[in-house]
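So this block is upload.cif, mmCIF, C-alpha atoms:
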```cif
data_model
loop_
_atom_site.label_atom_id
_atom_site.label_comp_id
_atom_site.auth_asym_id
_atom_site.auth_seq_id
_atom_site.Cartn_x
_atom_site.Cartn_y
_atom_site.Cartn_z
CA MET V 1 1.51 -10.03 22.43
CA THR V 2 5.24 -9.43 22.41
CA VAL V 3 7.24 -6.33 21.65
CA ASN V 4 8.55 -8.13 18.56
CA THR V 5 4.98 -8.57 17.28
CA ASN V 6 4.28 -4.88 17.79
CA ASP V 7 7.43 -4.00 15.86
CA VAL V 8 6.37 -6.19 12.94
CA LEU V 9 2.92 -4.59 12.81
CA VAL V 10 4.34 -1.08 13.01
CA ASP V 11 6.79 -1.88 10.21
CA TYR V 12 4.02 -3.42 8.12
CA GLU V 13 1.73 -0.44 8.61
CA GLY V 14 4.64 1.84 7.69
CA PHE V 15 5.11 -0.14 4.50
CA CYS V 16 1.44 0.35 3.62
CA ALA V 17 1.76 4.08 4.34
CA GLN V 18 4.76 4.32 2.03
CA LEU V 19 2.84 2.55 -0.72
CA SER V 20 0.04 5.08 -0.23
CA ASP V 21 2.54 7.92 -0.69
CA ILE V 22 3.86 6.32 -3.90
CA GLN V 23 0.31 5.96 -5.14
CA LEU V 24 -0.30 9.67 -4.56
CA VAL V 25 2.79 10.57 -6.60
CA LEU V 26 1.68 8.27 -9.41
CA GLU V 27 -1.78 9.85 -9.39
CA MET V 28 -0.17 13.28 -9.77
CA ALA V 29 2.04 11.98 -12.59
CA THR V 30 -1.01 10.75 -14.51
CA MET V 31 -2.02 14.37 -14.92
CA GLU V 32 0.78 14.75 -17.48
CA ASP V 33 -0.14 15.04 -21.16
CA SER V 34 1.71 12.03 -22.60
CA LYS V 35 -0.85 9.32 -23.38
CA GLN V 36 1.70 6.50 -23.31
CA SER V 37 3.14 7.45 -19.92
CA SER V 38 -0.37 7.97 -18.62
CA ALA V 39 -1.36 4.38 -19.47
CA LEU V 40 1.74 2.98 -17.76
CA LEU V 41 1.22 5.11 -14.69
CA ASN V 42 -2.43 4.07 -14.47
CA THR V 43 -1.42 0.41 -14.59
CA ALA V 44 1.18 0.90 -11.85
CA ASN V 45 -1.33 2.86 -9.82
CA GLN V 46 -3.88 0.04 -9.99
CA ALA V 47 -1.28 -2.52 -8.96
CA ILE V 48 -0.21 -0.47 -5.97
CA SER V 49 -3.84 0.09 -4.97
CA LYS V 50 -4.32 -3.68 -4.94
CA LEU V 51 -1.18 -4.17 -2.83
CA ILE V 52 -2.33 -1.59 -0.30
CA LEU V 53 -5.75 -3.19 -0.05
CA GLU V 54 -4.37 -6.71 0.36
CA HIS V 55 -1.75 -5.80 2.93
CA THR V 56 -4.05 -3.56 4.93
CA GLN V 57 -6.56 -6.41 5.09
CA GLN V 58 -3.84 -8.77 6.28
CA VAL V 59 -2.91 -6.37 9.07
CA ASN V 60 -6.55 -5.99 10.10
CA ASP V 61 -7.11 -9.77 10.08
CA TYR V 62 -3.97 -10.31 12.13
CA ARG V 63 -5.02 -7.69 14.70
CA LYS V 64 -8.42 -9.39 15.09
CA ARG V 65 -6.68 -12.66 15.95
CA LEU V 66 -4.57 -11.05 18.69
#
```

Can you present the structure in this file as structure tokens?
Amino acid sequence: MTVNTNDVLVDYEGFCAQLSDIQLVLEMATMEDSKQSSALLNTANQAISKLILEHTQQVNDYRKRL
């Protein structure tokens, strides 16, 4: 494994961590009273959850192959 590979994985894991932070903010925003904004935030939250799951799985699969 090269240093370059390690950098890519660290960056990728950082990306997933940032998405997790965004998801937390969206979850807090869904606690607002507006029904319309709540539906939009829930949709965005679900999409980000899917992204986190997919990208985390890709990182785990890649690490297994190393």

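The two atoms in question, CA of Ser20 in chain V and CA of Thr56 in chain V, are spaced 10.9 Å apart.
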
CA of Cys16 in chain V to CA of Ile48 in chain V, distance in Å rounded to a single decimal: 9.8 Å

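Candidate residues V:Lys35, V:Asn42, V:Leu51, V:Asp61 were compared for distance to Gln18 in chain V, and the nearest is V:Leu51, using all atoms listed in the file.
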
Selection result of the PyMOL selection byres ((chain V and resi 22-28) around 8) on this file, as a PyMOL selection string: chain V and resi 18-21+29-32+41-42+44-45+48-49

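The gap separating CA of Gly14 in chain V from CA of Ser38 in chain V is 27.5 Å, in Å to one decimal.
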
Best match for closeness to Glu13 in chain V among V:Ala39, V:Val59, V:Ala47, V:Leu53, counting only C-alpha atoms: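 Residue with the minimum atom-to-atom distance to Glu13 in chain V: V:Val59.
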
Answer key for the PyMOL selection byres ((chain V and resi 12) around 12), residues as a PyMOL selection string: chain V and resi 5-11+13-19+52+54-60+62-63

For those residues, write C-alpha atoms to a file as an mmCIF file, keeping the file's coordinate frame.
```
data_model
loop_
_atom_site.group_PDB
_atom_site.id
_atom_site.type_symbol
_atom_site.label_atom_id
_atom_site.label_comp_id
_atom_site.auth_asym_id
_atom_site.auth_seq_id
_atom_site.Cartn_x
_atom_site.Cartn_y
_atom_site.Cartn_z
ATOM 1 C CA THR V 5 4.980 -8.570 17.280
ATOM 2 C CA ASN V 6 4.280 -4.880 17.790
ATOM 3 C CA ASP V 7 7.430 -4.000 15.860
ATOM 4 C CA VAL V 8 6.370 -6.190 12.940
ATOM 5 C CA LEU V 9 2.920 -4.590 12.810
ATOM 6 C CA VAL V 10 4.340 -1.080 13.010
ATOM 7 C CA ASP V 11 6.790 -1.880 10.210
ATOM 8 C CA GLU V 13 1.730 -0.440 8.610
ATOM 9 C CA GLY V 14 4.640 1.840 7.690
ATOM 10 C CA PHE V 15 5.110 -0.140 4.500
ATOM 11 C CA CYS V 16 1.440 0.350 3.620
ATOM 12 C CA ALA V 17 1.760 4.080 4.340
ATOM 13 C CA GLN V 18 4.760 4.320 2.030
ATOM 14 C CA LEU V 19 2.840 2.550 -0.720
ATOM 15 C CA ILE V 52 -2.330 -1.590 -0.300
ATOM 16 C CA GLU V 54 -4.370 -6.710 0.360
ATOM 17 C CA HIS V 55 -1.750 -5.800 2.930
ATOM 18 C CA THR V 56 -4.050 -3.560 4.930
ATOM 19 C CA GLN V 57 -6.560 -6.410 5.090
ATOM 20 C CA GLN V 58 -3.840 -8.770 6.280
ATOM 21 C CA VAL V 59 -2.910 -6.370 9.070
ATOM 22 C CA ASN V 60 -6.550 -5.990 10.100
ATOM 23 C CA TYR V 62 -3.970 -10.310 12.130
ATOM 24 C CA ARG V 63 -5.020 -7.690 14.700
#
```

Work out where the centre of an axis-aligned box around every listed atom of range 55-61 of chain V lies and how long its edges are once 3 Å is added on each side; give both in Å to one decimal as lines of an AutoDock Vina configuration file.
```
center_x = -4.4
center_y = -6.7
center_z = 6.5
size_x = 11.4
size_y = 12.2
size_z = 13.2
```
